[in-house]
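Everything below concerns the one structure shown next.
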Amino acid sequence: MVQQIRQFQVVGRKRPTDVDPTPKIFRMRLFTKSKVTAQSRFWYFLHQFANMKASTGEILGVTEIREANPRVIKNFGILIRYQSRSGTHNMYKEFRDVTLCGAVEQMYQDMAGRHRARYSTIHIVDAKEVPSGLKATAAYNPETDGAVPPPAVQRLNIKQFLDSRIKFPLPHRIPRPSQKKYRTVFKANRPSTYFS
């Protein structure tokens, strides 16, 4: 069984000392397969910009964040930074899924297929739900919401699904017998499975 990617919130800080009895607390959202990996990634990222490591710090809490409503499809925007053979690149991608973790899994598969980027070389900077164009623009009021409008869906491959009257063709339909007694193994005429 393949282990699914889950979202964790890790809270940690530097271990209190006499010099610094109340150190600064850091909180991070991480997408990993297990709680242990989330703690490991927490120290990996924290060591890069806060000069802290697991031996000098402590984990205050690790909680798994679950999707509030995994029955409704949503648009997700993921900002990533990944290391390729030629250098470091920033990238923004959009996906449609019922959960944020599902969208992150799609992103890892997409990056592996298109850019040969491995899991360890991809760092997720930000991942959030992006409203469709109607939600982002109709509800936006510059006086109350600020000068910067909320983000809307940008990618065309996601925009094509935002039409409320979208239709999907059914190119291959197999006619079924109206009753069980009319079911046969062989047919006198080849059935036509294409209906225009």
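Ordering of the structure tokens sets the chain letters (A, B, ...); residue numbers start at 1 within each chain; ligands are numbered from 1 in the order shown.
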Spatial neighbours of segment 102-109 of chain A, max dist 12 Å, only C-alpha atoms, sep filter under 3 positions, as JSON, numbers by chain:
{"A": [2, 3, 4, 5, 6, 7, 30, 31, 32, 33, 66, 67, 70, 73, 74, 75, 76, 77, 78, 79, 80, 82, 91, 92, 93, 94, 95, 96, 97, 98, 99, 112, 113, 114, 115, 116, 117, 118, 119, 120, 121, 122, 123, 124, 125, 126, 127, 128, 129, 130]}
List every residue of segment 40-176 of chain A that DSSP, applied to the backbone of this structure, assigns to strand (DSSP E), and report them as a ChimeraX atom specification.
/A:57-65,74-83,88-97,122-129
Residue with smallest distance to Met52 of chain A - pool A:Arg165, A:Lys14, A:Arg173, A:His89, counting only C-alpha atoms:
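For Met52 of chain A, the nearest of the given residues is A:Lys14.
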Rounded to one decimal place, report the atom CA of Ser86 of chain A-atom CA of Phe42 of chain A distance in Å.
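Rounded to one decimal, the two atoms are 26.3 Å apart.
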Need to verify the contact set: Ile174 of chain A, 12 Å, only C-alpha atoms, exclusion of same-chain residues closer than 2 positions in sequence. Can you return it as a ChimeraX atom specification?
/A:170-172,176-177,190-195
Any chance you can output those residues with N, CA, C and O atoms as a tab-separated table (two decimals), in the first residue's frame?
```tsv
chain	number	residue	atom	x	y	z
A	170	LEU	N	-19.80	12.01	-24.36
A	170	LEU	CA	-19.79	10.57	-24.09
A	170	LEU	C	-19.54	9.86	-25.42
A	170	LEU	O	-20.48	9.43	-26.09
A	171	PRO	N	-18.30	9.72	-25.83
A	171	PRO	CA	-18.01	9.22	-27.18
A	171	PRO	C	-18.25	7.72	-27.37
A	171	PRO	O	-18.49	7.27	-28.46
A	172	HIS	N	-18.17	6.95	-26.30
A	172	HIS	CA	-18.23	5.49	-26.45
A	172	HIS	C	-19.29	4.95	-25.49
A	172	HIS	O	-19.02	4.72	-24.32
A	176	ARG	N	-27.25	-1.27	-23.78
A	176	ARG	CA	-27.56	-2.39	-22.91
A	176	ARG	C	-28.96	-2.93	-23.21
A	176	ARG	O	-29.85	-2.17	-23.60
A	177	PRO	N	-29.19	-4.22	-23.01
A	177	PRO	CA	-30.55	-4.75	-23.22
A	177	PRO	C	-31.51	-4.20	-22.18
A	177	PRO	O	-31.13	-3.93	-21.04
A	190	ARG	N	-23.17	-5.80	-35.68
A	190	ARG	CA	-22.18	-5.15	-34.83
A	190	ARG	C	-22.80	-3.90	-34.21
A	190	ARG	O	-23.35	-3.05	-34.93
A	191	PRO	N	-22.76	-3.77	-32.89
A	191	PRO	CA	-23.39	-2.60	-32.26
A	191	PRO	C	-22.61	-1.33	-32.56
A	191	PRO	O	-21.38	-1.33	-32.61
A	192	SER	N	-23.34	-0.25	-32.76
A	192	SER	CA	-22.72	1.06	-32.98
A	192	SER	C	-22.54	1.74	-31.62
A	192	SER	O	-23.52	1.98	-30.90
A	193	THR	N	-21.30	1.99	-31.25
A	193	THR	CA	-21.03	2.61	-29.94
A	193	THR	C	-20.80	4.11	-30.02
A	193	THR	O	-20.57	4.74	-29.01
A	194	TYR	N	-20.86	4.65	-31.23
A	194	TYR	CA	-20.66	6.09	-31.37
A	194	TYR	C	-22.00	6.76	-31.70
A	194	TYR	O	-22.68	6.38	-32.65
A	195	PHE	N	-22.37	7.74	-30.88
A	195	PHE	CA	-23.58	8.50	-31.10
A	195	PHE	C	-23.20	9.97	-31.14
A	195	PHE	O	-22.62	10.49	-30.20
```
